[in-house]
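Novice: What follows is query-v4.csv, CSV, C-alpha atoms.
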chain,number,residue,atom,x,y,z
X,1,MET,CA,-6.1,38.1,-14.0
X,2,ALA,CA,-4.6,37.1,-10.7
X,3,ARG,CA,-7.7,38.2,-8.8
X,4,LEU,CA,-10.0,36.5,-11.2
X,5,ILE,CA,-8.1,33.2,-10.7
X,6,ALA,CA,-7.7,33.5,-7.0
X,7,LEU,CA,-11.3,33.5,-5.9
X,8,PRO,CA,-12.5,30.3,-7.7
X,9,LEU,CA,-9.2,28.6,-6.9
X,10,PHE,CA,-9.4,29.0,-3.2
X,11,SER,CA,-13.1,28.5,-3.1
X,12,THR,CA,-12.8,25.2,-5.0
X,13,LEU,CA,-9.9,24.1,-2.7
X,14,THR,CA,-11.9,25.0,0.4
X,15,ILE,CA,-15.1,23.2,-0.8
X,16,ALA,CA,-13.2,20.1,-2.0
X,17,ALA,CA,-11.4,19.9,1.4
X,18,MET,CA,-14.6,20.3,3.3
X,19,LEU,CA,-16.4,17.6,1.2
X,20,LEU,CA,-13.6,15.2,1.7
X,21,VAL,CA,-13.6,15.9,5.5
X,22,LEU,CA,-17.3,15.5,5.7
X,23,ASP,CA,-17.1,12.2,3.9
X,24,ARG,CA,-14.5,10.9,6.4
X,25,ILE,CA,-15.6,12.5,9.6
X,26,GLN,CA,-18.6,10.3,10.1
X,27,ARG,CA,-16.6,7.1,9.7
X,28,LEU,CA,-14.0,8.4,12.1
X,29,PHE,CA,-16.6,9.2,14.8
X,30,VAL,CA,-18.0,5.7,14.4
X,31,PHE,CA,-14.5,4.1,14.6
X,32,VAL,CA,-13.5,6.1,17.6
X,33,ALA,CA,-16.8,5.4,19.4
X,34,THR,CA,-16.6,1.7,18.7
X,35,GLU,CA,-13.0,1.5,20.0
X,36,GLY,CA,-14.0,3.5,23.1
X,37,GLY,CA,-11.5,6.3,22.5
X,38,PRO,CA,-11.8,10.0,23.4
X,39,VAL,CA,-13.6,12.3,20.9
X,40,SER,CA,-10.5,14.6,20.7
X,41,VAL,CA,-8.7,11.8,18.7
X,42,VAL,CA,-11.1,12.4,15.8
X,43,TRP,CA,-9.7,16.0,15.2
X,44,ARG,CA,-6.1,14.7,15.4
X,45,MET,CA,-6.9,12.0,12.8
X,46,LEU,CA,-8.5,14.6,10.5
X,47,ALA,CA,-5.5,16.9,10.9
X,48,ASN,CA,-3.3,14.1,9.7
X,49,LEU,CA,-5.6,13.4,6.7
X,50,LEU,CA,-5.6,17.1,5.6
X,51,PRO,CA,-2.3,16.8,3.6
X,52,GLU,CA,-3.7,14.0,1.6
X,53,TYR,CA,-6.8,16.0,0.9
X,54,LEU,CA,-4.8,19.0,-0.1
X,55,GLY,CA,-2.7,16.9,-2.4
X,56,LEU,CA,-5.9,15.9,-4.3
X,57,GLY,CA,-7.6,19.3,-4.0
X,58,ILE,CA,-4.8,21.6,-5.2
X,59,PRO,CA,-4.7,20.4,-8.8
X,60,ILE,CA,-8.5,20.5,-9.2
X,61,GLY,CA,-8.6,24.0,-7.6
X,62,LEU,CA,-5.9,25.2,-10.0
X,63,LEU,CA,-7.7,23.8,-13.0
X,64,LEU,CA,-11.1,25.3,-12.1
X,65,GLY,CA,-9.6,28.6,-11.0
X,66,ILE,CA,-8.0,29.3,-14.3
X,67,LEU,CA,-10.9,27.7,-16.3
X,68,LEU,CA,-13.6,29.8,-14.6
X,69,ALA,CA,-11.5,33.0,-14.9
X,70,PHE,CA,-11.1,32.6,-18.7
X,71,ARG,CA,-14.7,31.6,-19.0
X,72,ARG,CA,-15.8,34.8,-17.3
X,73,LEU,CA,-13.5,36.8,-19.6
X,74,ALA,CA,-15.0,35.1,-22.6
X,75,ALA,CA,-18.6,35.6,-21.4
X,76,ASN,CA,-18.0,39.4,-20.8
X,77,SER,CA,-16.3,39.7,-24.3
X,78,GLU,CA,-13.2,41.0,-22.5
X,79,LEU,CA,-11.2,38.1,-24.1
X,80,ASP,CA,-12.2,39.3,-27.6
X,81,VAL,CA,-10.9,42.8,-26.7
X,82,LEU,CA,-7.6,41.4,-25.4
X,83,ARG,CA,-7.2,39.4,-28.5
X,84,ALA,CA,-8.1,42.3,-30.8
X,85,VAL,CA,-5.3,44.5,-29.3
X,86,GLY,CA,-2.7,41.8,-29.8
X,87,VAL,CA,-2.6,40.0,-26.5
X,88,SER,CA,-2.1,36.3,-27.3
X,89,TYR,CA,-3.2,33.3,-25.2
X,90,THR,CA,0.5,32.5,-24.6
X,91,ARG,CA,1.0,36.0,-23.1
X,92,MET,CA,-2.2,35.6,-21.0
X,93,LEU,CA,-0.8,32.4,-19.6
X,94,ARG,CA,2.0,34.1,-17.6
X,95,VAL,CA,-0.2,34.6,-14.5
X,96,PRO,CA,-1.7,31.1,-14.6
X,97,PHE,CA,1.7,29.6,-14.9
X,98,MET,CA,2.9,31.6,-11.9
X,99,TYR,CA,0.0,30.1,-10.0
X,100,ALA,CA,1.0,26.6,-11.3
X,101,LEU,CA,4.6,27.1,-10.3
X,102,ILE,CA,3.8,28.2,-6.8
X,103,LEU,CA,1.1,25.5,-6.2
X,104,ALA,CA,3.3,22.8,-7.8
X,105,ALA,CA,6.1,23.6,-5.3
X,106,LEU,CA,3.6,23.6,-2.5
X,107,ASN,CA,2.1,20.3,-3.7
X,108,ILE,CA,5.5,18.5,-4.0
X,109,ALA,CA,6.3,19.6,-0.5
X,110,ILE,CA,3.0,18.2,0.7
X,111,VAL,CA,3.0,14.8,-1.2
X,112,GLY,CA,6.8,14.5,-0.9
X,113,PHE,CA,7.5,15.2,2.7
X,114,VAL,CA,4.4,16.2,4.8
X,115,GLN,CA,1.8,13.6,3.6
X,116,PRO,CA,4.0,10.5,4.3
X,117,LYS,CA,4.7,11.5,7.9
X,118,ALA,CA,1.1,12.6,8.4
X,119,ARG,CA,-0.1,9.2,7.1
X,120,TYR,CA,2.2,7.4,9.5
X,121,TYR,CA,0.8,9.4,12.5
X,122,TYR,CA,-2.7,8.6,11.3
X,123,GLU,CA,-2.0,4.9,11.2
X,124,GLN,CA,-0.3,5.2,14.7
X,125,LEU,CA,-3.5,6.8,16.1
X,126,ARG,CA,-5.6,3.9,14.6
X,127,PHE,CA,-3.2,1.4,16.2
X,128,GLU,CA,-3.4,3.1,19.6
X,129,LEU,CA,-7.1,3.2,19.5
X,130,ARG,CA,-7.4,-0.5,18.7
X,131,THR,CA,-5.0,-1.4,21.5
X,132,GLY,CA,-6.5,1.0,24.0
X,133,ALA,CA,-3.3,3.0,24.5
X,134,LEU,CA,-5.2,6.2,24.2
X,135,GLY,CA,-7.4,5.3,27.1
X,136,ALA,CA,-11.0,4.1,27.0
X,137,SER,CA,-14.0,6.3,27.6
X,138,ILE,CA,-16.3,5.2,30.4
X,139,LYS,CA,-19.8,5.0,29.1
X,140,VAL,CA,-22.6,5.6,31.7
X,141,GLY,CA,-24.9,2.6,32.1
X,142,GLU,CA,-22.6,0.2,30.1
X,143,PHE,CA,-19.9,-2.3,31.0
X,144,THR,CA,-16.5,-1.0,30.1
X,145,HIS,CA,-13.5,-3.4,29.9
X,146,PHE,CA,-10.0,-2.3,30.8
X,147,GLY,CA,-7.8,-5.0,29.3
X,148,ASP,CA,-8.9,-8.6,30.1
X,149,ARG,CA,-8.8,-8.3,33.8
X,150,MET,CA,-11.1,-5.5,34.9
X,151,THR,CA,-14.7,-4.6,34.1
X,152,LEU,CA,-16.4,-1.4,35.3
X,153,ARG,CA,-19.9,-0.1,35.2
X,154,ILE,CA,-21.2,3.2,36.6
X,155,GLU,CA,-24.6,4.7,36.9
X,156,GLN,CA,-23.8,8.4,36.8
X,157,SER,CA,-20.9,10.7,36.0
X,158,HIS,CA,-20.2,14.2,37.2
X,159,ASP,CA,-17.6,17.0,36.9
X,160,LYS,CA,-16.4,15.7,33.4
X,161,GLY,CA,-15.9,12.2,34.7
X,162,ARG,CA,-13.9,13.1,37.8
X,163,LYS,CA,-16.7,11.9,40.1
X,164,LEU,CA,-18.5,8.7,39.5
X,165,ASP,CA,-21.7,7.3,41.3
X,166,GLY,CA,-23.3,3.9,41.4
X,167,ILE,CA,-20.1,1.8,40.8
X,168,PHE,CA,-19.6,-1.9,40.1
X,169,VAL,CA,-16.1,-3.2,39.6
X,170,TYR,CA,-15.0,-6.7,38.8
X,171,TYR,CA,-11.3,-7.5,38.8
X,172,ASN,CA,-9.8,-10.9,38.2
X,173,ASP,CA,-6.1,-11.9,38.3
X,174,LYS,CA,-4.9,-15.5,38.2
X,175,GLY,CA,-8.0,-16.9,40.0
X,176,THR,CA,-8.1,-14.1,42.6
X,177,SER,CA,-11.1,-11.9,42.0
X,178,TYR,CA,-12.7,-8.8,43.5
X,179,SER,CA,-16.3,-7.8,43.1
X,180,VAL,CA,-17.0,-4.3,44.4
X,181,THR,CA,-20.1,-2.1,44.6
X,182,ALA,CA,-19.7,1.4,45.9
X,183,GLN,CA,-21.8,4.5,46.2
X,184,SER,CA,-19.1,6.8,44.6
X,185,GLY,CA,-15.5,6.8,43.5
X,186,GLN,CA,-12.7,8.6,41.6
X,187,PHE,CA,-9.5,7.7,39.8
X,188,LEU,CA,-6.2,9.0,41.3
X,189,ALA,CA,-2.7,8.9,39.8
X,190,THR,CA,0.3,7.3,41.5
X,191,ASP,CA,4.0,7.5,41.3
X,192,ASP,CA,4.0,4.4,39.2
X,193,PRO,CA,2.9,5.3,35.7
X,194,ASN,CA,1.7,1.7,35.2
X,195,THR,CA,-0.7,1.7,38.1
X,196,ILE,CA,-3.6,4.0,39.1
X,197,ILE,CA,-5.8,4.0,42.2
X,198,PHE,CA,-9.5,3.8,42.1
X,199,ARG,CA,-10.7,5.3,45.4
X,200,LEU,CA,-14.2,3.9,46.3
X,201,THR,CA,-16.5,5.3,49.0
X,202,LYS,CA,-19.3,3.6,51.0
X,203,GLY,CA,-19.4,0.1,49.5
X,204,THR,CA,-19.0,-3.6,49.7
X,205,LEU,CA,-16.2,-5.8,48.5
X,206,VAL,CA,-16.3,-9.5,47.9
X,207,HIS,CA,-12.9,-11.2,47.7
X,208,LYS,CA,-12.5,-14.7,46.2
X,209,ALA,CA,-9.2,-16.7,46.1
X,210,PRO,CA,-8.3,-20.3,45.4
X,211,ASN,CA,-7.2,-20.8,49.0
X,212,PHE,CA,-10.5,-19.4,50.5
X,213,THR,CA,-13.1,-21.8,51.5
X,214,VAL,CA,-15.7,-19.1,51.4
X,215,PRO,CA,-15.5,-15.6,49.9
X,216,ARG,CA,-14.6,-12.7,52.2
X,217,VAL,CA,-17.0,-9.9,52.4
X,218,LEU,CA,-15.9,-6.4,53.5
X,219,THR,CA,-18.0,-3.4,54.1
X,220,PHE,CA,-16.0,-0.2,53.9
X,221,THR,CA,-16.3,3.6,54.1
X,222,SER,CA,-13.3,4.3,51.9
X,223,HIS,CA,-11.2,1.8,50.0
X,224,ASP,CA,-8.3,2.2,47.5
X,225,LEU,CA,-8.3,-0.4,44.7
X,226,PRO,CA,-4.9,-0.4,42.8
X,227,ILE,CA,-5.4,-1.1,39.1
X,228,PRO,CA,-2.4,-2.1,37.0
X,229,LEU,CA,-2.7,-0.7,33.6
X,230,PRO,CA,-2.3,-3.1,30.7
X,231,ARG,CA,1.0,-2.9,28.8
X,232,TYR,CA,0.7,-2.1,25.1
X,233,GLU,CA,3.1,-3.0,22.4
X,234,ASN,CA,4.9,-0.2,20.5
X,235,PHE,CA,3.8,0.8,17.1
X,236,ARG,CA,6.0,-0.1,14.1
X,237,GLN,CA,8.6,2.2,12.7
X,238,ARG,CA,7.7,4.5,9.9
X,239,GLY,CA,8.0,2.9,6.5
X,240,GLY,CA,5.7,-0.1,6.8
X,241,ARG,CA,4.1,1.1,3.6
X,242,ASN,CA,5.4,3.1,0.6
X,243,LEU,CA,2.9,5.8,1.4
X,244,GLU,CA,4.9,6.6,4.5
X,245,PHE,CA,8.2,7.2,2.7
X,246,THR,CA,9.3,10.7,1.6
X,247,LEU,CA,10.5,11.3,-1.9
X,248,PRO,CA,14.3,11.1,-1.1
X,249,GLU,CA,13.6,7.9,0.8
X,250,LEU,CA,11.7,6.4,-2.1
X,251,ALA,CA,14.5,7.4,-4.5
X,252,LYS,CA,17.1,5.7,-2.3
X,253,LEU,CA,15.0,2.5,-1.9
X,254,GLY,CA,14.5,2.4,-5.7
X,255,HIS,CA,18.2,1.9,-6.2
X,256,ARG,CA,19.4,0.2,-3.0
X,257,ALA,CA,16.5,-2.0,-1.9
X,258,GLN,CA,17.5,-5.6,-1.4
X,259,SER,CA,14.4,-7.3,-3.0
X,260,GLU,CA,13.2,-6.6,-6.5
X,261,GLU,CA,9.7,-6.3,-5.3
X,262,GLN,CA,10.6,-3.5,-2.9
X,263,ARG,CA,12.6,-1.7,-5.7
X,264,ASP,CA,9.6,-1.9,-8.1
X,265,SER,CA,7.1,-0.7,-5.5
X,266,SER,CA,9.3,2.2,-4.3
X,267,ARG,CA,10.1,3.3,-7.9
X,268,SER,CA,6.4,3.1,-8.8
X,269,GLU,CA,5.3,5.3,-5.8
X,270,PHE,CA,8.2,7.7,-6.6
X,271,HIS,CA,7.2,8.2,-10.2
X,272,PHE,CA,3.5,8.4,-9.4
X,273,ARG,CA,4.1,11.4,-7.1
X,274,LEU,CA,6.3,13.1,-9.7
X,275,VAL,CA,3.8,12.6,-12.5
X,276,GLU,CA,1.0,14.0,-10.4
X,277,VAL,CA,3.0,17.2,-9.7
X,278,ALA,CA,4.2,17.5,-13.3
X,279,THR,CA,0.6,17.3,-14.5
X,280,MET,CA,-0.1,20.6,-12.8
X,281,PHE,CA,2.0,22.4,-15.5
X,282,LEU,CA,-0.4,21.1,-18.1
X,283,LEU,CA,-3.5,22.4,-16.3
X,284,PRO,CA,-3.3,26.0,-17.5
X,285,LEU,CA,-3.3,24.9,-21.1
X,286,LEU,CA,-6.2,22.5,-20.5
X,287,ALA,CA,-8.1,25.2,-18.6
X,288,ILE,CA,-7.9,27.7,-21.6
X,289,ALA,CA,-8.8,25.0,-24.1
X,290,LEU,CA,-11.9,24.0,-22.3
X,291,GLY,CA,-12.8,27.3,-20.5
X,292,VAL,CA,-13.4,29.3,-23.6
X,293,PRO,CA,-16.8,28.3,-25.0
X,294,PRO,CA,-17.7,28.5,-28.7
X,295,LYS,CA,-19.3,31.7,-29.9
X,296,ARG,CA,-23.0,32.2,-28.9
X,297,SER,CA,-22.8,29.3,-26.5
X,298,ASN,CA,-23.3,29.4,-22.7
X,299,SER,CA,-22.8,25.6,-22.3
X,300,GLY,CA,-20.9,24.4,-19.3
X,301,PHE,CA,-19.8,21.3,-21.0
X,302,GLY,CA,-16.1,22.4,-20.9
X,303,VAL,CA,-16.2,22.6,-17.1
X,304,PHE,CA,-17.7,19.1,-17.0
X,305,LEU,CA,-15.2,17.7,-19.5
X,306,ALA,CA,-12.2,19.2,-17.6
X,307,ILE,CA,-13.2,17.6,-14.3
X,308,VAL,CA,-13.8,14.3,-16.1
X,309,MET,CA,-10.4,14.4,-17.8
X,310,ILE,CA,-8.4,15.2,-14.7
X,311,VAL,CA,-10.2,12.6,-12.6
X,312,ALA,CA,-9.9,9.9,-15.3
X,313,TYR,CA,-6.2,10.6,-15.8
X,314,HIS,CA,-5.6,10.4,-12.0
X,315,LYS,CA,-7.3,6.9,-12.0
X,316,VAL,CA,-5.1,5.9,-15.0
X,317,ASN,CA,-2.0,6.9,-13.0
X,318,GLU,CA,-3.2,4.9,-10.0
X,319,TYR,CA,-3.7,1.8,-12.2
X,320,ALA,CA,-0.3,2.4,-13.9
X,321,ALA,CA,1.3,2.6,-10.5
X,322,SER,CA,-0.3,-0.7,-9.4
X,323,ILE,CA,1.0,-2.4,-12.6
X,324,GLY,CA,4.5,-0.9,-12.0
X,325,GLU,CA,4.4,-2.0,-8.4
X,326,LEU,CA,3.7,-5.6,-9.5
X,327,GLY,CA,6.8,-5.5,-11.8
X,328,ARG,CA,4.8,-6.3,-14.9
X,329,ILE,CA,5.9,-3.0,-16.6
X,330,ASP,CA,8.8,-0.7,-15.7
X,331,PRO,CA,7.3,2.1,-13.5
X,332,LEU,CA,9.1,4.7,-15.7
X,333,ILE,CA,7.2,3.5,-18.8
X,334,ALA,CA,4.0,2.7,-17.0
X,335,LEU,CA,3.6,6.2,-15.6
X,336,TRP,CA,5.4,8.6,-18.0
X,337,VAL,CA,4.0,7.1,-21.3
X,338,PRO,CA,0.3,8.0,-20.3
X,339,PHE,CA,1.7,11.4,-19.1
X,340,CYS,CA,3.1,12.0,-22.6
X,341,ILE,CA,-0.1,11.0,-24.3
X,342,PHE,CA,-2.2,13.2,-22.0
X,343,ALA,CA,0.2,16.1,-22.6
X,344,GLY,CA,0.0,15.6,-26.3
X,345,ILE,CA,-3.8,15.7,-26.2
X,346,ILE,CA,-3.7,18.9,-24.1
X,347,LEU,CA,-1.1,20.6,-26.4
X,348,TRP,CA,-3.2,19.8,-29.4
X,349,MET,CA,-6.3,21.2,-27.8
X,350,TYR,CA,-4.4,24.4,-26.8
X,351,TYR,CA,-3.0,24.7,-30.4
X,352,GLN,CA,-6.5,24.5,-31.8
X,353,ILE,CA,-7.9,27.4,-29.8
X,354,ALA,CA,-4.7,29.6,-29.7
X,355,TYR,CA,-3.3,29.3,-33.2
X,356,VAL,CA,-6.1,28.0,-35.5
X,357,PRO,CA,-8.5,30.7,-36.7
X,358,GLY,CA,-11.9,29.9,-35.3
X,359,GLY,CA,-10.5,26.7,-33.8
X,360,GLN,CA,-12.5,25.1,-31.1
X,361,PRO,CA,-11.1,21.7,-29.8
X,362,ILE,CA,-14.4,20.6,-28.4
X,363,GLY,CA,-16.8,22.3,-30.9
X,364,ALA,CA,-18.3,19.1,-32.1
X,365,LEU,CA,-18.7,17.8,-28.6
X,366,GLU,CA,-20.3,21.1,-27.5
X,367,ARG,CA,-22.9,20.8,-30.3
X,368,ALA,CA,-23.6,17.2,-29.5
X,369,PHE,CA,-24.0,18.0,-25.8
X,370,SER,CA,-26.3,21.0,-26.6
X,371,LYS,CA,-28.5,18.8,-28.8
X,372,LEU,CA,-28.6,16.1,-26.1
X,373,ALA,CA,-29.5,18.7,-23.4
X,374,LYS,CA,-32.4,20.0,-25.6
X,375,LEU,CA,-33.6,16.5,-26.2
X,376,VAL,CA,-33.7,15.6,-22.5
X,377,THR,CA,-35.4,18.9,-21.5
X,378,ARG,CA,-38.0,18.4,-24.1
X,379,TYR,CA,-39.3,15.3,-22.4
X,380,LEU,CA,-39.0,16.5,-18.8
X,381,PRO,CA,-42.3,16.5,-16.8
X,382,GLY,CA,-44.2,19.7,-17.1
X,383,ARG,CA,-42.4,20.8,-20.2
X,384,GLY,CA,-45.3,20.3,-22.5
X,385,ARG,CA,-47.7,22.1,-20.0
X,386,LYS,CA,-45.4,25.2,-20.1
X,387,LYS,CA,-45.5,25.2,-23.9
X,388,GLU,CA,-49.3,25.1,-23.9
X,389,GLN,CA,-49.5,28.0,-21.5
X,390,ALA,CA,-47.1,30.0,-23.6
X,391,ALA,CA,-49.3,29.3,-26.7
Can the structure in the file be given as structure tokens, please?
Specialist:
Amino acid sequence: MARLIALPLFSTLTIAAMLLVLDRIQRLFVFVATEGGPVSVVWRMLANLLPEYLGLGIPIGLLLGILLAFRRLAANSELDVLRAVGVSYTRMLRVPFMYALILAALNIAIVGFVQPKARYYYEQLRFELRTGALGASIKVGEFTHFGDRMTLRIEQSHDKGRKLDGIFVYYNDKGTSYSVTAQSGQFLATDDPNTIIFRLTKGTLVHKAPNFTVPRVLTFTSHDLPIPLPRYENFRQRGGRNLEFTLPELAKLGHRAQSEEQRDSSRSEFHFRLVEVATMFLLPLLAIALGVPPKRSNSGFGVFLAIVMIVAYHKVNEYAASIGELGRIDPLIALWVPFCIFAGIILWMYYQIAYVPGGQPIGALERAFSKLAKLVTRYLPGRGRKKEQAA
């Protein structure tokens, strides 16, 4: 049983994480390229998003792992043999609940402690990209701006950007400006962390100042141009949003926050995370109720319905958390009442399949889905031609 559950569970978790990463990675590449940051920042941002993806993927992986395992047992008639020798569904739930317990502990560690800090670091990277604190990438053939004082354009780049050819530099500070063209150049560090040296070779410098009647023109073989780096403001402290608070911090704010708005929002986020974790203990029951198809049926409607139910319930929780955050309904009621209703539905479905002889909680829906599928396939293009050839 443990082996049957493990393969689809980890496969589903891996596929879900990859799909979520692929959905976000393109937008991150566009954002980083637009802000002129290094490509390596994309991987750091994705690493900080992984806890959020795992928090969403673990419950779905647990549900599909157990569901597909019991569906395979039912399809191979092994489930009938186990039932015939006196092994009840409740006894067969021991291994699924062990998975649920381990994954629930892992999930509460992720959503309660790891995800809030990872979310903060992700927002910090976005802030540093926007302000230029991570450094701007120099694009060949384009004008690159360093703060509001310096503009740089290069024609060629060699040795991973260490050697630059065909350089144009414009620097302006309080009316004094430098316009420089050079054959080549390179950036050098100095003892002052707020200043770097741009060493230029074989070029011409035009110096303008308010007290100059005419610009000064200088032809040089080698010239060091000091460039003061712009000063960037520090990023805010963690906790600008409720998503960045850990569970103990949310619990403390829910009781000691000065404003009523902050208390409601903190309590809403706190109960939302607990409800999401508590739902994982209902998933083994839901998986059995929907994973065992009716006799002489190979329909995959149960798999489809299970995914729809868990996703729809997640959206209900998000809406309830928003209502609780606004203070319209107490977060305890807004989030735990839907949980009790959802748990009642799942317990009824499990009771039907486990304790009612011949019981099938979605038997009527299975039959309706089967008839609908036959009706749709009947009118598919080429269906009539196949019937004529068979005749």
Novice: Using all atoms listed in the file, what does the table of segment 186-303 of chain X residues within 7 Å of segment 98-115 of chain X look like, with each row giving the shortest atom pair and its distance in Å to one decimal, sorted by chain and ascending number, as CSV?
Specialist:
residue,atom,partner,partner_atom,distance
X:Thr246,CA,X:Phe113,CA,5.0
X:Leu247,CA,X:Gly112,CA,5.0
X:Arg273,CA,X:Val111,CA,6.9
X:Val277,CA,X:Ala104,CA,5.9
X:Met280,CA,X:Ala100,CA,6.3
X:Phe281,CA,X:Ala100,CA,6.0
Novice: Write out as a list of chain:residue names each polymer residue whose atoms come within 6 Å of Leu200 of chain X, counting all atoms listed in the file; drop sequence neighbours fewer than 2 positions from it.
Specialist: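 Surrounding residues, per the criterion: X:Ser184, X:Gly185, X:Ser222, X:His223.
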Novice: Please provide as a list in words all residues within 6 Å of segment 149-156 of chain X, with the sequence filter that same-chain residues fewer than 6 positions apart are discarded (counting only C-alpha atoms).
Specialist: Val140, Gly141, Glu142, Phe143, Leu164, Asp165, Gly166, Ile167, Phe168, Val169, Tyr170, Tyr171 and Asn172 of chain X
Novice: Using only C-alpha atoms, can you tell me which of X:Asp148, X:Ser322, X:Ile5, X:Lys117 comes closest to Leu243 of chain X?
Specialist: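 Looking only at the distances to Leu243 of chain X, the closest residue turns out to be X:Lys117.
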Novice: Between atom CA of Lys295 of chain X and atom CA of Leu4 of chain X, what distance in Å does the model show, to one decimal?
Specialist: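 Computed distance, atom CA of Lys295 of chain X to atom CA of Leu4 of chain X, equals 21.4 Å.
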Novice: Compare X:Glu123, X:Glu52, X:Asp330, X:Asp80 by their minimum atom-to-atom distance to Asp264 of chain X, counting all atoms listed in the file, and give me the closest one.
Specialist: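 With all atoms listed in the file as the atom set, the closest residue is X:Asp330.
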Novice: What's the 8 Å shell around Leu64 of chain X, counting all atoms listed in the file, without same-chain residues fewer than 5 positions away, as a PDB file with C-alpha atoms, keeping the file's coordinate frame?
Specialist:
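Just written: out32.pdb:
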ATOM      1  CA  PRO X   8     -12.500  30.300  -7.700  1.00  0.00           C
ATOM      2  CA  LEU X   9      -9.200  28.600  -6.900  1.00  0.00           C
ATOM      3  CA  THR X  12     -12.800  25.200  -5.000  1.00  0.00           C
ATOM      4  CA  ALA X 287      -8.100  25.200 -18.600  1.00  0.00           C
ATOM      5  CA  VAL X 303     -16.200  22.600 -17.100  1.00  0.00           C
TER       6      VAL X 303
END
Novice: Could N, CA, C and O atoms be built for segment 166-177 of chain X and written out as a CSV table (one decimal), keeping the file's coordinate frame?
Specialist:
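What follows is the written file part-v3.csv:
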chain,number,residue,atom,x,y,z
X,166,GLY,N,-22.7,5.2,41.8
X,166,GLY,CA,-23.3,3.9,41.4
X,166,GLY,C,-22.3,3.0,40.7
X,166,GLY,O,-22.5,2.6,39.5
X,167,ILE,N,-21.2,2.5,41.4
X,167,ILE,CA,-20.1,1.8,40.8
X,167,ILE,C,-20.2,0.3,41.0
X,167,ILE,O,-20.5,-0.1,42.1
X,168,PHE,N,-19.9,-0.4,40.0
X,168,PHE,CA,-19.6,-1.9,40.1
X,168,PHE,C,-18.3,-2.2,39.4
X,168,PHE,O,-18.0,-1.7,38.3
X,169,VAL,N,-17.4,-2.9,40.1
X,169,VAL,CA,-16.1,-3.2,39.6
X,169,VAL,C,-15.9,-4.7,39.8
X,169,VAL,O,-16.2,-5.3,40.9
X,170,TYR,N,-15.4,-5.3,38.7
X,170,TYR,CA,-15.0,-6.7,38.8
X,170,TYR,C,-13.6,-6.8,38.3
X,170,TYR,O,-13.3,-6.4,37.2
X,171,TYR,N,-12.7,-7.4,39.2
X,171,TYR,CA,-11.3,-7.5,38.8
X,171,TYR,C,-10.8,-9.0,39.1
X,171,TYR,O,-11.1,-9.5,40.1
X,172,ASN,N,-10.2,-9.5,38.1
X,172,ASN,CA,-9.8,-10.9,38.2
X,172,ASN,C,-8.3,-11.1,37.7
X,172,ASN,O,-7.9,-10.6,36.7
X,173,ASP,N,-7.5,-11.7,38.6
X,173,ASP,CA,-6.1,-11.9,38.3
X,173,ASP,C,-5.6,-13.3,38.8
X,173,ASP,O,-5.5,-13.5,40.0
X,174,LYS,N,-5.4,-14.2,37.9
X,174,LYS,CA,-4.9,-15.5,38.2
X,174,LYS,C,-5.8,-16.2,39.2
X,174,LYS,O,-5.3,-16.8,40.2
X,175,GLY,N,-7.1,-16.2,39.1
X,175,GLY,CA,-8.0,-16.9,40.0
X,175,GLY,C,-8.4,-16.1,41.2
X,175,GLY,O,-9.4,-16.5,41.9
X,176,THR,N,-7.7,-15.0,41.5
X,176,THR,CA,-8.1,-14.1,42.6
X,176,THR,C,-9.0,-13.0,42.0
X,176,THR,O,-8.6,-12.3,41.1
X,177,SER,N,-10.2,-12.8,42.6
X,177,SER,CA,-11.1,-11.9,42.0
X,177,SER,C,-11.7,-11.0,43.1
X,177,SER,O,-11.8,-11.4,44.3
